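Notes to accompany the following structure.
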Amino acid sequence: MTKKREQILVLEMAFFGVLSLVLFLTGAYSFFWRPFIENKSIEWQFLGFVLVFFAMIISMLLYFRMNMLLLNMEMEKRLAMQKKHLEQLNRTCEGILWALNYALDYRDHETWGHSARVVGYAVAIGRAMNLTDEELTLLAWGGFLHDIGKIGIPDAILFKAAPLDVKEWEIVKRHPVLGHEIINQIDFLQATSEIVLYHHEHYNGNGYPHALKGEEIPLPARIFAVADALDAMTSNRPYRPARSLEEALAEIRRLAGEQFCPRVVKALFSIGKNRLKAIQDKVGEDGSIGTFREELPGLSLVF
């Protein structure tokens with residue numbers, strides 16, 4: 001409502017409030033006091049009182065109606081303000097996420113395209129496992145941030161073309177813990193930290209950093225481990241060429257129950273090769289968060 005309409009409502013409320021009071025006093029005077037000072041028929045006095053009483057009731061109803069309209073208008077204003085503040089907060093949260101990913105992207109230009117593809121696979125698997133939209137959203141955000149800990153890995157190791165030695169591999173294995181520490185410094189991202197910390201755990205307990213086993217590993221991390229491995233195997237690396245999608249799926253099937261959760265592997269195969277290939281093509285090397293906005297309308301972290 002406009003400011004002018006609000007002022008009119010206030011005036012109407014004041015008018016009907018005063019009118020109700022006047023009618024109440026008039027009725028009290030007519031029925032209780034006037035018969036004692038005037039010698040008139042009680043029936044006429046009663047009829048007058050009834051008319052004044054009903055007029056007062058109508059006036060009070062109109063008064064309360066004005067009150068409700070003003071209250072409703074105030075609620076609409078507050079809700080609009082709250083919505084505006086939430087939108088600003090969402091933009092701020094999303095800006096922080098972009099900043100973290102850009103920081104990592106400047107270190108490793110393959111990371112953003114990799115993260116976007118893995119999120120596509122993970123969301124598809126999550127849908128096949130009947131995750132809620134909120135769970136899928138957290139899975140997506142955790143996916144975009146899963147390698148943020150690589151910021152703390154030296155370039156000489158991160159970009160080494162040859163296979164890593166034992167000491168270098170131990171340094172690389174620190175990146176989930178480093179990423180977890182980074183994410184936990186930001187309140188609205190803490191719900192995604194389990195994916196960052198546990199996405200390299202293996203179903204048989206031979207993973208890292210904590211050697212969790214089976215159902216000890218949170219389901220989002222188990223989903224993401226499969227999605228991450230699928231993209232890793234189908235992407236070129238300095239030390240090996242990419243495998244075909246068929247070869248990667250065969251390897252994941254072989255490792256079900258060992259490296260990967262069997263339930264998650266089953267959900268992956270229920271998606272089908274055509275859908276997985278479509279995700280690859282849709283995201284491409286320049287993967288963007290916008291790719292997933294249609295599938296995940298609630299992609300913002302503030303609900």
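Quick note on naming: the chains in the structure tokens go A, B, ... in the order shown, residues restart at 1 in each chain, and ligands are numbered from 1 in order of appearance.
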
>> I need the residues in stretch 77-293 of chain A that are alpha helix (DSSP H) according to DSSP; give them as a ChimeraX atom specification.
In response: /A:77-107,111-128,133-144,155-158,166-172,175-183,193-198,219-233,245-254,262-271,273-283

Only C-alpha atoms, please: the residues just picked out, written as a short mmCIF file (atom, residue, chain, number, x, y, z; two decimals), in the first residue's frame.
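Generated file (part-v4.cif):
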data_model
loop_
_atom_site.label_atom_id
_atom_site.label_comp_id
_atom_site.auth_asym_id
_atom_site.auth_seq_id
_atom_site.Cartn_x
_atom_site.Cartn_y
_atom_site.Cartn_z
CA LYS A 77 6.39 -4.08 4.96
CA ARG A 78 8.40 -6.15 7.44
CA LEU A 79 8.28 -9.25 5.21
CA ALA A 80 9.44 -7.21 2.22
CA MET A 81 12.31 -5.81 4.29
CA GLN A 82 13.21 -9.30 5.53
CA LYS A 83 13.19 -10.65 1.97
CA LYS A 84 15.45 -7.82 0.86
CA HIS A 85 17.91 -8.50 3.69
CA LEU A 86 17.91 -12.25 2.90
CA GLU A 87 18.65 -11.52 -0.75
CA GLN A 88 21.55 -9.29 0.28
CA LEU A 89 22.81 -12.00 2.62
CA ASN A 90 22.55 -14.61 -0.13
CA ARG A 91 24.56 -12.40 -2.47
CA THR A 92 27.18 -11.91 0.24
CA CYS A 93 27.39 -15.67 0.89
CA GLU A 94 27.63 -16.44 -2.79
CA GLY A 95 30.32 -13.77 -3.17
CA ILE A 96 32.40 -15.43 -0.46
CA LEU A 97 32.04 -18.77 -2.24
CA TRP A 98 33.13 -17.24 -5.54
CA ALA A 99 36.11 -15.60 -3.85
CA LEU A 100 37.26 -18.94 -2.38
CA ASN A 101 36.91 -20.69 -5.72
CA TYR A 102 38.64 -17.94 -7.65
CA ALA A 103 41.53 -18.09 -5.17
CA LEU A 104 41.88 -21.82 -5.85
CA ASP A 105 41.30 -21.40 -9.58
CA TYR A 106 44.25 -19.02 -9.84
CA ARG A 107 46.39 -21.80 -8.34
CA THR A 111 39.92 -27.11 -10.48
CA TRP A 112 36.79 -25.09 -11.32
CA GLY A 113 35.83 -27.17 -14.36
CA HIS A 114 36.53 -30.33 -12.35
CA SER A 115 34.44 -29.14 -9.40
CA ALA A 116 31.51 -28.17 -11.62
CA ARG A 117 31.44 -31.55 -13.36
CA VAL A 118 31.74 -33.44 -10.08
CA VAL A 119 28.86 -31.41 -8.61
CA GLY A 120 26.79 -32.35 -11.66
CA TYR A 121 27.48 -36.05 -11.13
CA ALA A 122 26.97 -35.82 -7.36
CA VAL A 123 23.63 -34.02 -7.66
CA ALA A 124 22.41 -36.59 -10.18
CA ILE A 125 23.43 -39.43 -7.84
CA GLY A 126 21.80 -37.65 -4.90
CA ARG A 127 18.54 -37.33 -6.82
CA ALA A 128 18.67 -41.03 -7.66
CA ASP A 133 16.53 -30.31 -2.21
CA GLU A 134 18.24 -28.94 0.89
CA GLU A 135 20.59 -31.96 1.03
CA LEU A 136 21.31 -31.61 -2.69
CA THR A 137 22.10 -27.93 -2.23
CA LEU A 138 24.59 -28.68 0.55
CA LEU A 139 26.07 -31.43 -1.63
CA ALA A 140 26.53 -28.91 -4.44
CA TRP A 141 28.17 -26.25 -2.28
CA GLY A 142 30.43 -28.82 -0.63
CA GLY A 143 31.36 -30.06 -4.08
CA PHE A 144 32.43 -26.67 -5.32
CA ASP A 155 53.13 -25.69 -6.38
CA ALA A 156 56.07 -28.03 -6.92
CA ILE A 157 53.91 -30.89 -5.66
CA LEU A 158 50.52 -29.79 -6.94
CA VAL A 166 55.79 -41.11 -0.55
CA LYS A 167 56.70 -37.85 1.22
CA GLU A 168 54.97 -35.70 -1.40
CA TRP A 169 51.89 -37.92 -1.29
CA GLU A 170 51.64 -37.44 2.47
CA ILE A 171 51.64 -33.69 1.93
CA VAL A 172 48.86 -33.95 -0.68
CA HIS A 175 44.42 -31.08 1.75
CA PRO A 176 41.06 -32.40 3.11
CA VAL A 177 42.05 -31.36 6.64
CA LEU A 178 43.29 -27.98 5.42
CA GLY A 179 40.04 -27.46 3.48
CA HIS A 180 37.97 -28.46 6.50
CA GLU A 181 39.81 -25.91 8.64
CA ILE A 182 39.18 -23.19 6.07
CA ILE A 183 35.47 -23.99 5.67
CA SER A 193 32.54 -29.31 5.81
CA GLU A 194 31.98 -33.10 6.10
CA ILE A 195 32.18 -33.42 2.31
CA VAL A 196 35.43 -31.47 2.24
CA LEU A 197 36.96 -33.54 5.07
CA TYR A 198 35.80 -37.05 4.14
CA LEU A 219 26.48 -40.25 2.93
CA PRO A 220 27.21 -36.93 1.12
CA ALA A 221 30.95 -37.72 1.31
CA ARG A 222 30.35 -41.25 -0.02
CA ILE A 223 28.34 -39.80 -2.92
CA PHE A 224 30.99 -37.25 -3.64
CA ALA A 225 33.80 -39.81 -3.55
CA VAL A 226 32.17 -41.68 -6.46
CA ALA A 227 31.46 -38.50 -8.42
CA ASP A 228 35.01 -37.21 -7.82
CA ALA A 229 36.59 -40.48 -8.95
CA LEU A 230 34.42 -40.60 -12.09
CA ASP A 231 35.56 -37.16 -13.20
CA ALA A 232 39.19 -37.80 -12.21
CA MET A 233 39.33 -40.94 -14.35
CA LEU A 245 33.38 -43.05 -19.63
CA GLU A 246 32.82 -46.77 -20.13
CA GLU A 247 36.23 -47.64 -18.71
CA ALA A 248 35.70 -45.36 -15.71
CA LEU A 249 32.29 -46.87 -14.95
CA ALA A 250 33.72 -50.38 -15.18
CA GLU A 251 36.48 -49.46 -12.72
CA ILE A 252 33.99 -47.92 -10.28
CA ARG A 253 31.84 -51.05 -10.47
CA ARG A 254 34.92 -53.17 -9.76
CA PRO A 262 27.78 -50.12 -3.10
CA ARG A 263 24.52 -48.17 -2.67
CA VAL A 264 26.06 -45.08 -4.25
CA VAL A 265 27.54 -47.10 -7.12
CA LYS A 266 24.12 -48.63 -7.76
CA ALA A 267 22.58 -45.15 -7.86
CA LEU A 268 25.30 -44.01 -10.30
CA PHE A 269 24.51 -46.82 -12.73
CA SER A 270 20.78 -46.11 -12.45
CA ILE A 271 21.45 -42.68 -13.99
CA LYS A 273 25.68 -43.28 -19.51
CA ASN A 274 23.65 -40.87 -21.64
CA ARG A 275 22.76 -38.69 -18.66
CA LEU A 276 26.36 -38.73 -17.37
CA LYS A 277 27.64 -37.74 -20.81
CA ALA A 278 25.05 -34.96 -20.95
CA ILE A 279 26.37 -33.60 -17.63
CA GLN A 280 29.91 -33.58 -19.07
CA ASP A 281 28.76 -31.72 -22.17
CA LYS A 282 26.58 -29.26 -20.25
CA VAL A 283 29.22 -28.23 -17.76
#

>> Just the number, please: distance in Å from atom CA of A:His199 to atom CA of A:Leu212, one decimal.
In response: 10.7 Å

>> Can you pull out the residues contacting A:Arg174? Cut-off 9 Å, using only C-alpha atoms, and skip same-chain residues under 5 positions away; I want them as a list in words.
In response: Gly149, Lys150, Gly152, Ile153, Trp169, Gly179, Tyr208 and Pro209 of chain A

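Counting from atom CA of A:Glu258, the distance to atom CA of A:Ile148 is 26.2 Å.
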
> Restricting the calculation to only C-alpha atoms, which member of A:Pro218, A:Gly205, A:Pro241, A:Gly272 is positioned closest to A:Gly257?
Replying inline: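 Result for the nearest residue to A:Gly257: A:Gly205.
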
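Taking only C-alpha atoms into account, A:Gln190 lies nearest to A:Leu145 out of the set A:Ile151, A:Leu145, A:Ile217, A:Ala162.
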
> What is the distance between atom CA of A:Lys213 and atom CA of A:Leu131, in Å to one decimal?
Replying inline: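 According to the coordinates, atom CA of A:Lys213 and atom CA of A:Leu131 are separated by 21.7 Å.
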